[in-house]
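Text of coords.cif (mmCIF, C-alpha atoms and all ligand atoms) as supplied:
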data_work
loop_
_atom_site.label_atom_id
_atom_site.label_comp_id
_atom_site.auth_asym_id
_atom_site.auth_seq_id
_atom_site.Cartn_x
_atom_site.Cartn_y
_atom_site.Cartn_z
CA MET A 45 16.67 6.19 -24.25
CA ASP A 46 13.93 5.16 -21.81
CA ARG A 47 11.11 2.74 -22.44
CA TYR A 48 8.50 5.36 -23.31
CA LEU A 49 10.24 6.29 -26.54
CA ALA A 50 12.13 3.07 -27.21
CA THR A 51 9.01 0.89 -27.22
CA LEU A 52 5.66 2.48 -27.96
CA ASP A 53 2.70 0.96 -26.18
CA HIS A 54 0.02 3.46 -27.21
CA GLU A 55 -3.00 3.22 -29.50
CA GLU A 56 -2.50 6.60 -31.06
CA VAL A 57 -0.24 9.63 -30.79
CA VAL A 58 -1.00 12.85 -32.64
CA ILE A 59 1.66 15.55 -32.90
CA ARG A 60 0.65 18.62 -34.87
CA ARG A 61 2.19 21.97 -35.56
CA GLY A 62 -0.61 24.49 -35.11
CA ALA A 63 -1.46 26.73 -38.07
CA ARG A 64 -2.26 29.69 -35.81
CA SER A 65 0.54 29.55 -33.25
CA GLY A 66 3.25 27.54 -35.01
CA LEU A 67 3.53 25.57 -31.76
CA TYR A 68 3.40 21.80 -31.40
CA THR A 69 0.48 20.23 -29.57
CA ILE A 70 0.31 16.56 -28.66
CA VAL A 71 -2.51 14.14 -27.92
CA ALA A 72 -1.41 10.72 -26.64
CA ILE A 73 -4.03 7.98 -26.39
CA HIS A 74 -2.74 5.04 -24.43
CA SER A 75 -5.89 2.93 -24.27
CA THR A 76 -9.56 3.10 -25.23
CA VAL A 77 -10.21 -0.52 -24.17
CA ARG A 78 -12.60 0.59 -21.42
CA GLY A 79 -13.94 3.70 -23.19
CA PRO A 80 -12.83 7.05 -24.63
CA SER A 81 -9.49 8.14 -23.23
CA LEU A 82 -9.59 10.91 -20.63
CA GLY A 83 -6.79 13.09 -19.32
CA GLY A 84 -5.90 16.72 -18.80
CA VAL A 85 -3.85 18.98 -21.04
CA ARG A 86 -0.59 20.33 -19.73
CA MET A 87 0.87 23.64 -20.99
CA TRP A 88 4.56 23.27 -20.23
CA THR A 89 8.10 24.10 -21.35
CA TYR A 90 10.47 21.21 -22.02
CA ALA A 91 14.22 21.24 -22.62
CA ASP A 92 13.61 19.30 -25.84
CA THR A 93 10.65 17.91 -27.74
CA ARG A 94 11.45 14.28 -26.85
CA LEU A 95 10.74 15.15 -23.23
CA ALA A 96 7.38 16.65 -24.19
CA LEU A 97 6.42 13.51 -26.10
CA ARG A 98 7.71 11.33 -23.26
CA ASP A 99 5.57 13.24 -20.78
CA ALA A 100 2.46 12.73 -22.92
CA LEU A 101 3.20 9.00 -23.30
CA ARG A 102 3.97 8.47 -19.61
CA LEU A 103 1.04 10.47 -18.26
CA SER A 104 -1.50 8.94 -20.65
CA GLU A 105 -0.43 5.45 -19.61
CA GLY A 106 -0.88 6.41 -15.96
CA MET A 107 -4.40 7.64 -16.74
CA THR A 108 -5.29 4.24 -18.18
CA TYR A 109 -4.45 2.48 -14.89
CA LYS A 110 -6.06 5.21 -12.77
CA ALA A 111 -9.36 4.96 -14.66
CA ALA A 112 -9.30 1.15 -14.75
CA VAL A 113 -8.68 0.75 -11.00
CA ALA A 114 -11.40 3.33 -10.28
CA GLY A 115 -13.75 1.15 -12.35
CA LEU A 116 -14.51 3.90 -14.88
CA SER A 117 -15.66 3.34 -18.45
CA GLN A 118 -12.78 5.51 -19.58
CA GLY A 119 -9.37 4.95 -21.06
CA GLY A 120 -6.13 6.88 -20.61
CA GLY A 121 -5.05 9.91 -22.61
CA LYS A 122 -3.16 13.14 -22.16
CA GLY A 123 -2.63 16.41 -24.00
CA VAL A 124 0.45 18.62 -24.11
CA ILE A 125 0.87 22.13 -25.47
CA VAL A 126 4.62 22.54 -25.96
CA VAL A 127 5.74 26.01 -24.88
CA PRO A 128 9.13 27.13 -26.28
CA PRO A 129 11.86 27.73 -23.65
CA GLY A 130 11.81 31.27 -22.30
CA GLU A 131 8.28 31.98 -23.51
CA ARG A 132 5.10 32.52 -21.50
CA LEU A 133 1.97 32.10 -23.54
CA GLU A 134 -0.30 35.07 -23.04
CA GLY A 135 -3.04 37.01 -24.83
CA ASP A 136 -3.61 36.25 -28.52
CA ARG A 137 -0.71 33.82 -28.68
CA ARG A 138 -2.11 31.76 -25.80
CA ARG A 139 -5.51 31.76 -27.46
CA ALA A 140 -3.96 30.66 -30.78
CA ALA A 141 -2.17 27.75 -29.06
CA LEU A 142 -5.37 26.66 -27.32
CA LEU A 143 -7.36 26.76 -30.57
CA ASP A 144 -4.61 24.74 -32.26
CA PHE A 145 -4.77 22.22 -29.43
CA GLY A 146 -8.55 22.06 -29.90
CA GLU A 147 -7.95 20.93 -33.50
CA THR A 148 -5.56 18.21 -32.35
CA VAL A 149 -8.18 16.99 -29.85
CA ASP A 150 -10.89 17.12 -32.52
CA SER A 151 -8.77 15.06 -34.93
CA ALA A 152 -9.15 12.12 -32.51
CA ALA A 153 -12.94 12.32 -33.04
CA GLY A 154 -13.86 11.62 -29.41
CA ARG A 155 -11.29 8.93 -28.71
CA TYR A 156 -9.64 11.53 -26.44
CA VAL A 157 -11.51 13.87 -24.07
CA THR A 158 -9.47 16.67 -22.56
CA ALA A 159 -9.61 18.43 -19.19
CA GLU A 160 -7.51 20.81 -17.10
CA ASP A 161 -3.96 20.03 -15.98
CA VAL A 162 -0.83 21.94 -14.98
CA GLY A 163 -0.58 25.38 -16.60
CA VAL A 164 -4.15 25.37 -17.96
CA THR A 165 -7.08 27.28 -16.46
CA PRO A 166 -10.87 26.79 -16.73
CA ASP A 167 -10.95 29.84 -19.04
CA ASP A 168 -8.39 28.14 -21.29
CA LEU A 169 -10.67 25.10 -21.58
CA LEU A 170 -13.49 27.34 -22.76
CA VAL A 171 -11.25 28.42 -25.66
CA VAL A 172 -10.48 24.78 -26.53
CA ALA A 173 -14.26 24.11 -26.44
CA GLU A 174 -14.76 26.69 -29.23
CA ILE A 175 -13.14 24.14 -31.57
CA THR A 176 -14.11 20.73 -30.20
CA PRO A 177 -16.91 19.27 -28.06
CA HIS A 178 -14.48 16.77 -26.52
CA VAL A 179 -13.71 18.92 -23.47
CA SER A 180 -14.69 18.00 -19.91
CA ALA A 181 -14.63 19.68 -16.50
CA LEU A 182 -15.75 23.03 -17.88
CA PRO A 183 -16.98 25.45 -15.20
CA ARG A 184 -20.34 24.45 -13.70
CA GLU A 185 -22.06 27.51 -15.18
CA HIS A 186 -21.06 26.17 -18.60
CA GLY A 187 -22.62 22.78 -17.94
CA GLY A 188 -19.43 20.97 -16.93
CA SER A 189 -18.42 19.24 -13.70
CA GLY A 190 -16.22 22.16 -12.62
CA ASP A 191 -13.01 22.13 -10.56
CA PRO A 192 -12.02 18.50 -9.83
CA SER A 193 -9.70 19.41 -6.91
CA PRO A 194 -12.24 19.23 -4.03
CA TRP A 195 -13.26 15.79 -5.30
CA THR A 196 -9.67 14.69 -5.43
CA ALA A 197 -9.31 15.89 -1.83
CA LEU A 198 -12.40 13.91 -0.76
CA GLY A 199 -10.94 10.77 -2.36
CA VAL A 200 -7.68 11.32 -0.47
CA LEU A 201 -9.60 11.74 2.79
CA VAL A 202 -11.54 8.49 2.43
CA SER A 203 -8.35 6.66 1.40
CA ILE A 204 -6.61 7.92 4.55
CA GLU A 205 -9.57 6.75 6.64
CA VAL A 206 -9.44 3.22 5.19
CA ALA A 207 -5.65 3.02 5.58
CA CYS A 208 -5.95 4.17 9.21
CA GLU A 209 -8.61 1.53 9.85
CA ARG A 210 -6.06 -1.08 8.71
CA VAL A 211 -3.08 0.23 10.60
CA PHE A 212 -4.59 1.74 13.76
CA GLY A 213 -7.85 -0.22 13.98
CA THR A 214 -10.18 2.74 13.44
CA ALA A 215 -11.08 5.06 10.57
CA ASP A 216 -11.95 7.81 13.05
CA LEU A 217 -9.44 10.62 12.54
CA THR A 218 -10.11 12.39 15.84
CA GLY A 219 -6.71 13.17 17.36
CA ARG A 220 -4.84 11.40 14.53
CA THR A 221 -1.62 13.25 13.61
CA VAL A 222 -1.39 13.98 9.88
CA ALA A 223 1.23 15.85 7.83
CA VAL A 224 0.16 17.52 4.59
CA MET A 225 2.90 18.46 2.11
CA GLY A 226 1.63 21.13 -0.30
CA LEU A 227 -1.43 23.23 0.40
CA GLY A 228 -2.57 23.98 -3.14
CA HIS A 229 -5.93 23.18 -4.70
CA VAL A 230 -6.03 19.65 -3.33
CA GLY A 231 -3.80 19.85 -0.23
CA GLY A 232 -5.50 23.02 1.03
CA ASP A 233 -8.94 21.45 0.73
CA LEU A 234 -7.69 18.21 2.28
CA ALA A 235 -6.28 20.12 5.26
CA ARG A 236 -9.70 21.72 5.87
CA ARG A 237 -11.42 18.33 5.67
CA LEU A 238 -8.87 16.72 8.01
CA ALA A 239 -9.21 19.54 10.54
CA ALA A 240 -13.00 19.18 10.42
CA ALA A 241 -12.57 15.44 11.08
CA GLY A 242 -10.56 16.23 14.22
CA ALA A 243 -7.05 15.41 12.96
CA ARG A 244 -4.02 17.26 14.36
CA LEU A 245 -2.19 18.77 11.41
CA THR A 246 1.44 19.49 10.57
CA VAL A 247 1.71 21.26 7.22
CA THR A 248 4.06 22.96 4.79
CA ASP A 249 4.22 24.67 1.42
CA ILE A 250 6.99 26.48 -0.43
CA ASP A 251 4.49 29.34 -0.69
CA GLU A 252 4.50 31.21 2.65
CA GLY A 253 1.14 32.68 1.67
CA ARG A 254 -0.42 29.33 2.56
CA ARG A 255 0.76 29.60 6.16
CA ALA A 256 -1.88 31.93 7.68
CA PRO A 257 -4.93 29.98 6.39
CA ALA A 258 -3.35 26.74 7.63
CA GLU A 259 -2.62 28.15 11.06
CA ALA A 260 -6.21 29.37 11.20
CA LEU A 261 -7.18 25.68 11.02
CA GLY A 262 -4.95 25.01 14.04
CA ALA A 263 -2.21 23.39 11.94
CA THR A 264 1.47 23.49 12.92
CA TRP A 265 3.62 24.94 10.13
CA VAL A 266 7.07 23.46 9.46
CA ALA A 267 9.74 24.12 6.81
CA PRO A 268 9.30 22.14 3.56
CA SER A 269 12.55 20.27 4.30
CA ASP A 270 11.10 18.97 7.60
CA ILE A 271 7.74 17.64 6.46
CA LEU A 272 8.71 14.14 5.28
CA ALA A 273 10.32 13.24 8.60
CA ALA A 274 7.62 14.92 10.71
CA ASP A 275 6.63 12.95 13.82
CA VAL A 276 3.13 12.04 12.63
CA GLU A 277 1.05 8.91 12.04
CA VAL A 278 -0.08 9.79 8.52
CA LEU A 279 1.70 11.63 5.67
CA ALA A 280 -0.23 13.06 2.72
CA PRO A 281 2.10 14.18 -0.13
CA CYS A 282 0.09 16.75 -2.10
CA ALA A 283 2.82 18.72 -3.89
CA LEU A 284 5.10 17.18 -6.50
CA GLY A 285 6.04 13.69 -7.60
CA GLY A 286 9.23 11.77 -6.80
CA VAL A 287 9.30 12.66 -3.08
CA LEU A 288 9.63 9.07 -1.86
CA ASP A 289 13.10 7.73 -2.61
CA ASP A 290 15.88 5.66 -1.04
CA ALA A 291 16.90 8.56 1.22
CA ALA A 292 13.42 9.76 2.25
CA VAL A 293 11.78 6.44 3.14
CA PRO A 294 14.06 5.39 6.05
CA ALA A 295 13.50 8.84 7.62
CA LEU A 296 9.69 8.64 7.49
CA ARG A 297 7.94 8.35 10.85
CA ALA A 298 4.42 8.05 9.46
CA ARG A 299 2.98 4.53 9.28
CA VAL A 300 0.46 5.52 6.60
CA VAL A 301 1.30 7.44 3.43
CA ALA A 302 -1.59 8.45 1.17
CA GLY A 303 -1.77 11.67 -0.80
CA ALA A 304 -2.75 13.40 -4.02
CA ALA A 305 0.63 13.96 -5.68
CA ASN A 306 1.09 11.97 -8.88
CA ASN A 307 4.10 9.63 -9.20
CA GLN A 308 5.19 9.87 -5.57
CA LEU A 309 7.68 7.00 -5.88
CA ALA A 310 11.08 7.80 -7.39
CA ASP A 311 10.82 4.32 -8.92
CA ALA A 312 8.51 1.32 -8.54
CA GLY A 313 11.01 -0.46 -6.25
CA ILE A 314 10.31 2.14 -3.55
CA ALA A 315 6.98 0.36 -2.94
CA ASP A 316 8.97 -2.63 -1.60
CA LEU A 317 11.18 -0.36 0.51
CA LEU A 318 8.10 1.24 2.09
CA ALA A 319 6.67 -2.18 2.89
CA ALA A 320 10.01 -3.30 4.35
CA HIS A 321 9.86 -0.30 6.70
CA GLY A 322 6.35 -1.29 7.81
CA ILE A 323 4.78 1.72 6.09
CA LEU A 324 1.41 1.34 4.40
CA TRP A 325 1.65 3.34 1.15
CA VAL A 326 -1.61 3.53 -0.78
CA PRO A 327 -0.83 3.95 -4.50
CA ASP A 328 -1.19 7.57 -5.61
CA PHE A 329 -3.17 6.73 -8.75
CA VAL A 330 -5.81 5.04 -6.60
CA VAL A 331 -5.92 7.71 -3.90
CA ASN A 332 -6.08 10.69 -6.27
CA ALA A 333 -8.72 9.38 -8.70
CA GLY A 334 -11.51 11.57 -7.24
CA GLY A 335 -11.03 14.24 -9.89
CA ILE A 336 -11.53 11.91 -12.85
CA VAL A 337 -14.28 10.01 -11.06
CA ASN A 338 -16.10 13.35 -10.86
CA ILE A 339 -15.47 14.07 -14.56
CA ALA A 340 -16.66 10.58 -15.51
CA VAL A 341 -20.08 11.39 -14.01
CA GLU A 342 -20.42 14.20 -16.55
CA LEU A 343 -19.26 11.99 -19.43
CA VAL A 344 -21.29 8.89 -18.61
CA LEU A 345 -24.56 10.62 -17.67
CA GLY A 346 -24.26 13.25 -20.42
CA GLY A 347 -24.85 15.83 -17.69
CA TYR A 348 -23.56 16.48 -14.20
CA ASP A 349 -25.04 15.14 -10.95
CA GLU A 350 -23.27 16.22 -7.77
CA ALA A 351 -24.90 13.58 -5.50
CA ARG A 352 -23.78 10.83 -7.86
CA ALA A 353 -20.28 12.32 -7.95
CA GLU A 354 -20.03 12.29 -4.16
CA ALA A 355 -21.18 8.66 -3.95
CA ASP A 356 -18.75 7.60 -6.67
CA VAL A 357 -15.80 9.46 -5.11
CA ARG A 358 -16.54 8.00 -1.68
CA ALA A 359 -16.46 4.55 -3.33
CA ILE A 360 -12.68 5.04 -3.70
CA GLY A 361 -12.63 3.89 -0.07
CA GLU A 362 -14.03 0.50 -1.14
CA THR A 363 -11.43 0.29 -3.91
CA VAL A 364 -8.66 0.92 -1.37
CA ARG A 365 -10.13 -1.79 0.87
CA THR A 366 -10.13 -4.29 -2.02
CA ILE A 367 -6.53 -3.44 -2.92
CA LEU A 368 -5.33 -3.83 0.66
CA ASP A 369 -7.24 -7.14 1.00
CA GLU A 370 -5.71 -8.50 -2.20
CA ALA A 371 -2.25 -7.28 -1.20
CA ASP A 372 -2.56 -9.14 2.13
CA ARG A 373 -3.98 -12.26 0.48
CA ASP A 374 -1.22 -12.45 -2.15
CA ALA A 375 1.56 -11.14 0.12
CA VAL A 376 2.41 -8.35 -2.33
CA THR A 377 2.61 -4.57 -2.02
CA PRO A 378 -0.50 -2.42 -2.53
CA LEU A 379 1.15 -1.18 -5.74
CA ALA A 380 1.41 -4.71 -7.12
CA ALA A 381 -2.19 -5.45 -6.07
CA ALA A 382 -3.49 -2.27 -7.72
CA MET A 383 -1.60 -2.99 -10.95
CA ALA A 384 -2.98 -6.55 -10.97
CA ILE A 385 -6.52 -5.14 -10.76
CA ALA A 386 -5.78 -2.69 -13.58
CA ARG A 387 -4.40 -5.46 -15.82
CA ARG A 388 -7.40 -7.70 -15.13
CA ARG A 389 -9.80 -4.91 -16.04
CA LEU A 390 -7.89 -4.10 -19.20
CA GLY A 391 -8.08 -7.70 -20.33
P1 LIG A 401 -1.36 23.02 -6.88
O1 LIG A 401 -0.32 23.55 -7.81
O2 LIG A 401 -2.61 23.78 -6.66
O3 LIG A 401 -0.70 22.78 -5.42
C1 LIG A 401 0.58 22.27 -5.22
C2 LIG A 401 1.12 22.99 -3.98
O4 LIG A 401 2.35 22.38 -3.61
C3 LIG A 401 1.41 24.47 -4.22
O5 LIG A 401 0.82 25.24 -3.19
C4 LIG A 401 2.93 24.54 -4.18
O6 LIG A 401 3.43 25.77 -3.69
C5 LIG A 401 3.27 23.39 -3.26
N1 LIG A 401 4.62 22.85 -3.38
C6 LIG A 401 5.36 22.66 -4.49
N2 LIG A 401 6.55 22.11 -4.19
C7 LIG A 401 6.56 21.95 -2.84
C8 LIG A 401 7.49 21.43 -1.92
N3 LIG A 401 8.68 20.95 -2.33
N4 LIG A 401 7.18 21.41 -0.62
C9 LIG A 401 5.99 21.88 -0.20
N5 LIG A 401 5.04 22.39 -1.03
C10 LIG A 401 5.34 22.42 -2.33
O7 LIG A 401 -1.66 21.53 -7.38
P2 LIG A 401 -2.89 20.61 -6.98
O8 LIG A 401 -3.92 20.71 -8.04
O9 LIG A 401 -3.25 20.84 -5.56
O10 LIG A 401 -2.24 19.17 -7.13
C11 LIG A 401 -1.32 18.67 -6.16
C12 LIG A 401 -0.77 17.32 -6.64
O11 LIG A 401 -1.85 16.42 -6.81
C13 LIG A 401 -0.05 17.36 -7.97
O12 LIG A 401 0.98 16.39 -7.95
C14 LIG A 401 -1.12 16.94 -8.96
O13 LIG A 401 -0.56 16.35 -10.12
C15 LIG A 401 -1.87 15.91 -8.14
N6 LIG A 401 -3.27 15.72 -8.56
C16 LIG A 401 -4.13 16.76 -8.55
C17 LIG A 401 -5.46 16.54 -8.92
C18 LIG A 401 -6.48 17.66 -8.91
O14 LIG A 401 -7.68 17.37 -8.96
N7 LIG A 401 -6.06 18.92 -8.81
C19 LIG A 401 -5.88 15.26 -9.32
C20 LIG A 401 -4.96 14.21 -9.30
C21 LIG A 401 -3.65 14.45 -8.92
#
Show me, as structure tokens, the structure contained in the file I just sent.
Amino acid sequence: MDRYLATLDHEEVVIRRGARSGLYTIVAIHSTVRGPSLGGVRMWTYADTRLALRDALRLSEGMTYKAAVAGLSQGGGKGVIVVPPGERLEGDRRRAALLDFGETVDSAAGRYVTAEDVGVTPDDLLVVAEITPHVSALPREHGGSGDPSPWTALGVLVSIEVACERVFGTADLTGRTVAVMGLGHVGGDLARRLAAAGARLTVTDIDEGRRAPAEALGATWVAPSDILAADVEVLAPCALGGVLDDAAVPALRARVVAGAANNQLADAGIADLLAAHGILWVPDFVVNAGGIVNIAVELVLGGYDEARAEADVRAIGETVRTILDEADRDAVTPLAAAMAIARRRLG
């Protein structure tokens, strides 16, 4: 039994069986110390229900630190709609599950605000919003802050610039060699931004359909198995978590690693291994906060303001600078420095 279930550390966990769908939906609220908890809802199949609950507990805790380090007046929460093995939720049944989830969100009376995550579309969020007002990142035409992915990509870009300034002496990306792993919503947008900044790209995705648009940017395409050890200065993991482990790190050639993927380290000890190899790894939950920074604009102002969002997302660069300064000062890893900031802000 791992720590998430053995020792609860959360303010509130709601698990309800929905009257319409018969499916379980979960809302986990890790912390509201800095404000209402914010985090997306994941529609996912798990081998057993403990894993679904564990995911909600783990992800909501991560959101607390992400929001705290970004300086937001938000806490950490997460929603899960538990899909039975072998089933794909479609049509009326999908709608029923989303309405049921809306009731679970509403039962927290604003202590949890939901948004999009894996398996959930903007249209799905509109269904949830039929039941509860505590829904963020609705499409712009519905008054929300819209797709967070381009903002996440902007935050990754500015983080890479600051990390390059530290390691190579300049934030200018002209001619800098950068590998992007995963060209989805965030990675694809990041690749366009990097190309526009003059970087030389090496990219991959398990979806071959991403190849032509990437090559149109001038990027070199490699097989997914070759991306981590690509001969580049910067690596941006933008696919799945867990890619940096005991085997991958010694093979890395990049001196800077900063990307959007959540939970890039197989375990926290990998942060020390990266440092021992002279690699500057900027913690994922700092780098990829652009999406929630954008959502926070909508929540704090009670309406959306794109110029404010851009300024706030660009400020992630300052946060990275502070973390790297404190890491140097205290002779610790950037991960330890970021966690120290989160703990300070959470009192
Ligand atoms: P996405 O699903 O749109 O894109 C992921 C891409 O990675 C897909 O194109 C997929 O084919 C590819 N991929 C999967 N496994 C791969 C592999 N082994 N090698 C190469 N490519 C692989 O997801 P996204 O919204 O772009 O998010 C990317 C990552 O960033 C995720 O880990 C997500 O949790 C994290 N993240 C996203 C946001 C956001 O705003 N979308 C915010 C914070 C964190």
- Message: For segment 301-308 of chain A, find every residue with an atom within 8 Å (counting all atoms listed in the file), except residues of its own chain fewer than 2 positions away, and show them as number ranges by chain.
- Response: A: 196-197, 200, 203-204, 230-231, 278-288, 298-299, 310, 323-329, 331-332
- Task: Would you kindly return, as a PyMOL selection string, each protein, DNA or RNA residue with an atom no farther than 8 Å from any atom of Val164 of chain A, considering all atoms listed in the file and excluding same-chain residues fewer than 5 positions away?
- Result: chain A and resi 85-87+169
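The smallest atom-to-atom distance between ligand LIG 401 (chain A) and any of A:Val341, A:Ala207, A:Leu103, A:Leu368, using only C-alpha atoms and all ligand atoms, is found for A:Leu103.
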Would you compute the box with edges along x, y and z of the file around ligand LIG 401 (chain A), including every atom the file lists for it and 5 Å extra on each side, and give its centre and edge lengths in Å to one decimal, as JSON?
{"center_x": 0.5, "center_y": 20.0, "center_z": -5.2, "size_x": 26.4, "size_y": 21.6, "size_z": 19.9}
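Neighbours of Ile125 of chain A closer than or equal to 7 Å, with all atoms listed in the file counted and sequence neighbours fewer than 5 positions away skipped, come out as Tyr68, Thr69, Ile70, Arg86, Met87, Trp88 and Phe145 of chain A.
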Counting only C-alpha atoms, which residues sit no farther than 12 Å from the position (-8.4, 20.2, 8.4) in the file's frame? I'd like them as a compact mmCIF listing (two decimals) with C-alpha atoms, in the coordinates of the input.
# COMPACT_ATOMS: atom_id res chain seq x y z
CA ALA A 197 -9.31 15.89 -1.83
CA LEU A 198 -12.40 13.91 -0.76
CA LEU A 201 -9.60 11.74 2.79
CA LEU A 217 -9.44 10.62 12.54
CA THR A 218 -10.11 12.39 15.84
CA GLY A 219 -6.71 13.17 17.36
CA ARG A 220 -4.84 11.40 14.53
CA THR A 221 -1.62 13.25 13.61
CA VAL A 222 -1.39 13.98 9.88
CA ALA A 223 1.23 15.85 7.83
CA VAL A 224 0.16 17.52 4.59
CA LEU A 227 -1.43 23.23 0.40
CA VAL A 230 -6.03 19.65 -3.33
CA GLY A 231 -3.80 19.85 -0.23
CA GLY A 232 -5.50 23.02 1.03
CA ASP A 233 -8.94 21.45 0.73
CA LEU A 234 -7.69 18.21 2.28
CA ALA A 235 -6.28 20.12 5.26
CA ARG A 236 -9.70 21.72 5.87
CA ARG A 237 -11.42 18.33 5.67
CA LEU A 238 -8.87 16.72 8.01
CA ALA A 239 -9.21 19.54 10.54
CA ALA A 240 -13.00 19.18 10.42
CA ALA A 241 -12.57 15.44 11.08
CA GLY A 242 -10.56 16.23 14.22
CA ALA A 243 -7.05 15.41 12.96
CA ARG A 244 -4.02 17.26 14.36
CA LEU A 245 -2.19 18.77 11.41
CA THR A 246 1.44 19.49 10.57
CA VAL A 247 1.71 21.26 7.22
CA PRO A 257 -4.93 29.98 6.39
CA ALA A 258 -3.35 26.74 7.63
CA GLU A 259 -2.62 28.15 11.06
CA ALA A 260 -6.21 29.37 11.20
CA LEU A 261 -7.18 25.68 11.02
CA GLY A 262 -4.95 25.01 14.04
CA ALA A 263 -2.21 23.39 11.94
CA THR A 264 1.47 23.49 12.92
- Task: Name all residues at most 9 Å from Arg352 of chain A (count all atoms listed in the file; drop same-chain ones fewer than 4 positions away) and give them as number ranges by chain.
- Result: A: 338, 341, 348, 356-357
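Distances from A:Leu82, A:Leu170, A:Ala112, A:Leu67 to Arg155 of chain A were compared using all atoms listed in the file, and the smallest one belongs to A:Leu82.
Closest approach to Leu296 of chain A from the set A:Leu317, A:Ala355, A:Val71, A:Val344 is made by A:Leu317, with distances taken over all atoms listed in the file.
For the choices A:Ala384, A:Ala351, A:Ile336, A:Ala274, the atom-to-atom distance to Leu116 of chain A is smallest for A:Ile336 when using only C-alpha atoms.
Proximity to ligand LIG 401 (chain A) was assessed for A:Val149, A:Gly391, A:Gly83, A:Pro183 counting all atoms listed in the file; the smallest distance is recorded for A:Gly83.
Each of A:Ala267, A:Ala173, A:Leu309, A:Ala91 was compared to ligand LIG 401 (chain A) using only C-alpha atoms and all ligand atoms, and A:Ala267 turns out to be the nearest.
Distance cut-off 12 Å, centre (-11.3, -5.7, -19.2), atoms counted all atoms listed in the file; the residues meeting this are Ser75, Thr76, Val77, Arg78, Gly79, Thr108, Tyr109, Ala111, Ala112, Val113, Gly115, Leu116, Ser117, Gln118, Gly119, Ala384, Ile385, Ala386, Arg387, Arg388, Arg389, Leu390 and Gly391 of chain A.
From atom CA of Asp46 of chain A back to atom CA of Gly123 of chain A, the distance works out to 20.1 Å.
Within the 12 Å cut-off around Leu52 of chain A, using only C-alpha atoms and omitting residues fewer than 5 positions from it on the same chain, the listed residues are Asp46, Arg47, Val57, Ala72, Ile73, His74, Leu97, Arg98, Ala100, Leu101, Arg102 and Glu105 of chain A.
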- Task: Take atom CA of Val179 of chain A and atom CA of Val157 of chain A and report the distance between them in Å, one decimal.
- Result: 5.5 Å
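Across the structure, atom CA of Tyr156 of chain A and atom CA of Thr89 of chain A are spaced 22.3 Å apart.
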